Amino acid sequence: MKTYIVGNWKLNFTVGEASIYLHKLMKALPNHRDMEVVVAPSTVALQPLSLQIDRHKMKLAAQNAFYRDYGAYTGETSFLQLSGIVDYAIVGHSEQRYIFGQDDKMIAKEVAAAVRNRIRPILCIGETESERAFGETTDVIRDQLLGGLSEIADDDLEKVIIAYEPVWAISSTKVSKLATPDEVAEVVKLIRKTLVDTYGKKATEKVSVLFGGSVNPSNAGAYLTVPGINGLLIGGSSLILSEFTDIIEVAKRVKV
Ligand code: 13P
């Protein structure tokens, strides 16, 4: 299985800044056989960066897109418009769920639209701090996982990448708010068991599961060695070139 190192730039970098960063990153990128390095810039930067990127070295992801191909949807960008520009798309990120009100039904349509347009969706799931405190983690993870996958055919399961991002561990500066590898292991086990129970063992083996939530060069190794984890989804640390390349180096040591 490939190891995925995905940088989610969120709402950062102008198009010019993104282009300069990409240029530097492609130069600094260590050899990374069996590893897929992906960055997710703002939508406005995707098209110019797609002309600049060397797809043998790395790939682009969208951070979000709308499930209809075209129509009267002011302000939206469709997966159809992004096909040929990106190889991946982040879908159902918690910031889309909680700031912009996306729900599992909409997210399921986005997963299906991505697959339909030959873009691999990275379906993000994760519980909030209060859901964890009230013992609802298992239900939330199951609902978001099966809800998000509900609009695709079983045969398409292997095209979807799952990212576990506990909402309480995102953008955390406090060590007490970091997910421990044991906490991550428990949820990854639950994700894989839920998939096996629903789709069978064989179909599930090819599904990659990533972890995200304040990943940096010092904790990346510990998360990458959690059983069942195939990579990382990185926010803040992916904006700093040296940190992002350090994480790729760690992944090379740990996984390849
Ligand atoms: P941070 O790495 O900044 O916590 O962000 C994680 C994330 O939301 C990636 O999608």
# chains A, B, ... in the order shown; residues from 1 in each chain; ligands from 1

call {"tool": "closest_atom_pairs", "arguments": {"of": "chain A", "to": "ligand 1", "cutoff": "9 Å", "atoms": "only C-alpha atoms and all ligand atoms", "output": "JSON lines"}}
result
{"residue": "A:Val6", "atom": "CA", "partner": "ligand 1", "partner_atom_place_in_ligand_line": "9 (C)", "distance": 8.3}
{"residue": "A:Gly7", "atom": "CA", "partner": "ligand 1", "partner_atom_place_in_ligand_line": "9 (C)", "distance": 7.2}
{"residue": "A:Asn8", "atom": "CA", "partner": "ligand 1", "partner_atom_place_in_ligand_line": "10 (O)", "distance": 5.2}
{"residue": "A:Trp9", "atom": "CA", "partner": "ligand 1", "partner_atom_place_in_ligand_line": "9 (C)", "distance": 8.1}
{"residue": "A:Lys10", "atom": "CA", "partner": "ligand 1", "partner_atom_place_in_ligand_line": "10 (O)", "distance": 7.7}
{"residue": "A:Gln63", "atom": "CA", "partner": "ligand 1", "partner_atom_place_in_ligand_line": "10 (O)", "distance": 8.8}
{"residue": "A:Ile90", "atom": "CA", "partner": "ligand 1", "partner_atom_place_in_ligand_line": "10 (O)", "distance": 8.0}
{"residue": "A:His93", "atom": "CA", "partner": "ligand 1", "partner_atom_place_in_ligand_line": "10 (O)", "distance": 6.6}
{"residue": "A:Ser94", "atom": "CA", "partner": "ligand 1", "partner_atom_place_in_ligand_line": "8 (O)", "distance": 7.3}
{"residue": "A:Glu95", "atom": "CA", "partner": "ligand 1", "partner_atom_place_in_ligand_line": "8 (O)", "distance": 7.6}
{"residue": "A:Cys124", "atom": "CA", "partner": "ligand 1", "partner_atom_place_in_ligand_line": "10 (O)", "distance": 7.9}
{"residue": "A:Ala163", "atom": "CA", "partner": "ligand 1", "partner_atom_place_in_ligand_line": "10 (O)", "distance": 8.4}
{"residue": "A:Glu165", "atom": "CA", "partner": "ligand 1", "partner_atom_place_in_ligand_line": "8 (O)", "distance": 6.8}
{"residue": "A:Pro166", "atom": "CA", "partner": "ligand 1", "partner_atom_place_in_ligand_line": "8 (O)", "distance": 8.9}
{"residue": "A:Val167", "atom": "CA", "partner": "ligand 1", "partner_atom_place_in_ligand_line": "8 (O)", "distance": 7.9}
{"residue": "A:Ala169", "atom": "CA", "partner": "ligand 1", "partner_atom_place_in_ligand_line": "4 (O)", "distance": 6.4}
{"residue": "A:Ile170", "atom": "CA", "partner": "ligand 1", "partner_atom_place_in_ligand_line": "4 (O)", "distance": 3.5}
{"residue": "A:Ser171", "atom": "CA", "partner": "ligand 1", "partner_atom_place_in_ligand_line": "4 (O)", "distance": 3.5}
{"residue": "A:Ser172", "atom": "CA", "partner": "ligand 1", "partner_atom_place_in_ligand_line": "4 (O)", "distance": 6.0}
{"residue": "A:Thr173", "atom": "CA", "partner": "ligand 1", "partner_atom_place_in_ligand_line": "4 (O)", "distance": 8.8}
{"residue": "A:Phe211", "atom": "CA", "partner": "ligand 1", "partner_atom_place_in_ligand_line": "9 (C)", "distance": 8.7}
{"residue": "A:Gly212", "atom": "CA", "partner": "ligand 1", "partner_atom_place_in_ligand_line": "6 (C)", "distance": 5.1}
{"residue": "A:Gly213", "atom": "CA", "partner": "ligand 1", "partner_atom_place_in_ligand_line": "4 (O)", "distance": 4.0}
{"residue": "A:Ser214", "atom": "CA", "partner": "ligand 1", "partner_atom_place_in_ligand_line": "4 (O)", "distance": 3.4}
{"residue": "A:Val215", "atom": "CA", "partner": "ligand 1", "partner_atom_place_in_ligand_line": "2 (O)", "distance": 5.1}
{"residue": "A:Asn216", "atom": "CA", "partner": "ligand 1", "partner_atom_place_in_ligand_line": "2 (O)", "distance": 7.3}
{"residue": "A:Leu232", "atom": "CA", "partner": "ligand 1", "partner_atom_place_in_ligand_line": "9 (C)", "distance": 8.6}
{"residue": "A:Leu233", "atom": "CA", "partner": "ligand 1", "partner_atom_place_in_ligand_line": "9 (C)", "distance": 5.1}
{"residue": "A:Ile234", "atom": "CA", "partner": "ligand 1", "partner_atom_place_in_ligand_line": "2 (O)", "distance": 4.3}
{"residue": "A:Gly235", "atom": "CA", "partner": "ligand 1", "partner_atom_place_in_ligand_line": "2 (O)", "distance": 3.4}
{"residue": "A:Gly236", "atom": "CA", "partner": "ligand 1", "partner_atom_place_in_ligand_line": "3 (O)", "distance": 3.7}
{"residue": "A:Ser237", "atom": "CA", "partner": "ligand 1", "partner_atom_place_in_ligand_line": "2 (O)", "distance": 6.0}
{"residue": "A:Ser238", "atom": "CA", "partner": "ligand 1", "partner_atom_place_in_ligand_line": "2 (O)", "distance": 7.5}

call {"tool": "residues_around", "arguments": {"residues": "range 179-192 of chain A", "least_positions_apart": "5", "cutoff": "10 Å", "atoms": "only C-alpha atoms", "output": "PyMOL selection string"}}
result
chain A and resi 125-126+137-138+141-142+145-146+162-166+168-170+172+197-198+201+204-205+207-215+219+221-229

call {"tool": "closest_residue", "arguments": {"among": "A:Glu127, A:Ala108, A:Gln47, A:Lys177", "to": "Ser19 in chain A", "atoms": "only C-alpha atoms"}}
result
A:Gln47

call {"tool": "select_by_dssp", "arguments": {"residues": "range 71-236 of chain A", "states": "alpha helix (DSSP H)", "output": "number ranges by chain"}}
result
A: 79-82, 94-98, 104-116, 129-133, 137-148, 181-199, 201-205, 220-224

call {"tool": "closest_residue", "arguments": {"among": "A:Val140, A:Leu82, A:Ala220, A:Val160", "to": "Ser50 in chain A", "atoms": "only C-alpha atoms"}}
result
A:Leu82

call {"tool": "select_by_dssp", "arguments": {"residues": "range 76-148 of chain A", "states": "strand (DSSP E)", "output": "list in words"}}
result
Tyr88, Ala89, Ile90, Val91, Arg120, Pro121, Ile122, Leu123, Cys124 and Ile125 of chain A

call {"tool": "residues_around", "arguments": {"residues": "Gly147 in chain A", "least_positions_apart": "2", "cutoff": "12 Å", "atoms": "only C-alpha atoms", "output": "list in words"}}
result
Gly92, Asp103, Asp104, Lys105, Met106, Ile107, Ala108, Lys109, Glu110, Val111, Ala112, Leu123, Cys124, Ile125, Asp139, Val140, Ile141, Arg142, Asp143, Gln144, Leu145, Leu149, Ser150, Glu151, Ile152, Thr194 and Leu195 of chain A

call {"tool": "write_last_selection", "arguments": {"atoms": "C-alpha atoms", "output": "PDB file, in the first residue's frame"}}
result
ATOM      1  CA  GLY A  92     -16.520  16.461   4.375  1.00  0.00           C
ATOM      2  CA  ASP A 103     -24.170  17.148   6.444  1.00  0.00           C
ATOM      3  CA  ASP A 104     -23.660  13.452   5.719  1.00  0.00           C
ATOM      4  CA  LYS A 105     -26.268  13.487   2.923  1.00  0.00           C
ATOM      5  CA  MET A 106     -24.505  16.260   1.045  1.00  0.00           C
ATOM      6  CA  ILE A 107     -21.106  14.753   1.743  1.00  0.00           C
ATOM      7  CA  ALA A 108     -22.282  11.392   0.340  1.00  0.00           C
ATOM      8  CA  LYS A 109     -23.280  13.148  -2.887  1.00  0.00           C
ATOM      9  CA  GLU A 110     -19.891  14.839  -3.042  1.00  0.00           C
ATOM     10  CA  VAL A 111     -18.081  11.506  -2.588  1.00  0.00           C
ATOM     11  CA  ALA A 112     -20.157  10.060  -5.435  1.00  0.00           C
ATOM     12  CA  LEU A 123     -13.563  11.488   3.121  1.00  0.00           C
ATOM     13  CA  CYS A 124     -12.922  13.199   6.469  1.00  0.00           C
ATOM     14  CA  ILE A 125     -14.658  11.943   9.587  1.00  0.00           C
ATOM     15  CA  ASP A 139     -21.780   6.257  16.785  1.00  0.00           C
ATOM     16  CA  VAL A 140     -20.454   9.453  15.193  1.00  0.00           C
ATOM     17  CA  ILE A 141     -17.647   7.634  13.383  1.00  0.00           C
ATOM     18  CA  ARG A 142     -19.985   4.906  12.107  1.00  0.00           C
ATOM     19  CA  ASP A 143     -22.625   7.417  10.979  1.00  0.00           C
ATOM     20  CA  GLN A 144     -20.174   9.710   9.199  1.00  0.00           C
ATOM     21  CA  LEU A 145     -18.328   6.797   7.592  1.00  0.00           C
ATOM     22  CA  LEU A 149     -20.125   6.181   1.536  1.00  0.00           C
ATOM     23  CA  SER A 150     -23.851   5.661   1.045  1.00  0.00           C
ATOM     24  CA  GLU A 151     -24.104   6.998  -2.526  1.00  0.00           C
ATOM     25  CA  ILE A 152     -21.329   4.974  -4.157  1.00  0.00           C
ATOM     26  CA  THR A 194     -17.145  -1.070  10.339  1.00  0.00           C
ATOM     27  CA  LEU A 195     -15.929  -1.351   6.733  1.00  0.00           C
TER      28      LEU A 195
END

call {"tool": "atom_distance", "arguments": {"atom1": "CA of Phe134 in chain A", "atom2": "CA of Arg97 in chain A"}}
result
19.6 Å

call {"tool": "closest_residue", "arguments": {"among": "A:Ala62, A:Ile20, A:Leu11, A:Leu239", "to": "Ser78 in chain A", "atoms": "only C-alpha atoms"}}
result
A:Ala62

call {"tool": "closest_residue", "arguments": {"among": "A:Val196, A:Ser176, A:Tyr70, A:Arg118", "to": "Lys159 in chain A", "atoms": "only C-alpha atoms"}}
result
A:Arg118

call {"tool": "residues_around", "arguments": {"residues": "Leu60 in chain A", "least_positions_apart": "2", "cutoff": "8 Å", "atoms": "only C-alpha atoms", "output": "JSON, numbers by chain"}}
result
{"A": [38, 39, 40, 41, 46, 50, 58, 62, 85, 86, 87, 88]}

call {"tool": "write_last_selection", "arguments": {"atoms": "C-alpha atoms", "output": "PDB file, in the first residue's frame"}}
result
ATOM      1  CA  VAL A  38      -0.430  15.624  -2.335  1.00  0.00           C
ATOM      2  CA  VAL A  39      -1.197  19.285  -1.627  1.00  0.00           C
ATOM      3  CA  ALA A  40      -4.621  20.897  -1.459  1.00  0.00           C
ATOM      4  CA  PRO A  41      -4.441  24.626  -2.325  1.00  0.00           C
ATOM      5  CA  LEU A  46      -5.709  24.754  -8.655  1.00  0.00           C
ATOM      6  CA  SER A  50      -1.971  22.025 -12.371  1.00  0.00           C
ATOM      7  CA  MET A  58       3.273  14.849  -6.598  1.00  0.00           C
ATOM      8  CA  ALA A  62      -9.239  20.197  -4.101  1.00  0.00           C
ATOM      9  CA  ILE A  85      -6.978  19.476 -12.807  1.00  0.00           C
ATOM     10  CA  VAL A  86      -6.829  17.503  -9.537  1.00  0.00           C
ATOM     11  CA  ASP A  87      -6.386  13.821  -8.742  1.00  0.00           C
ATOM     12  CA  TYR A  88      -7.879  14.027  -5.238  1.00  0.00           C
TER      13      TYR A  88
END
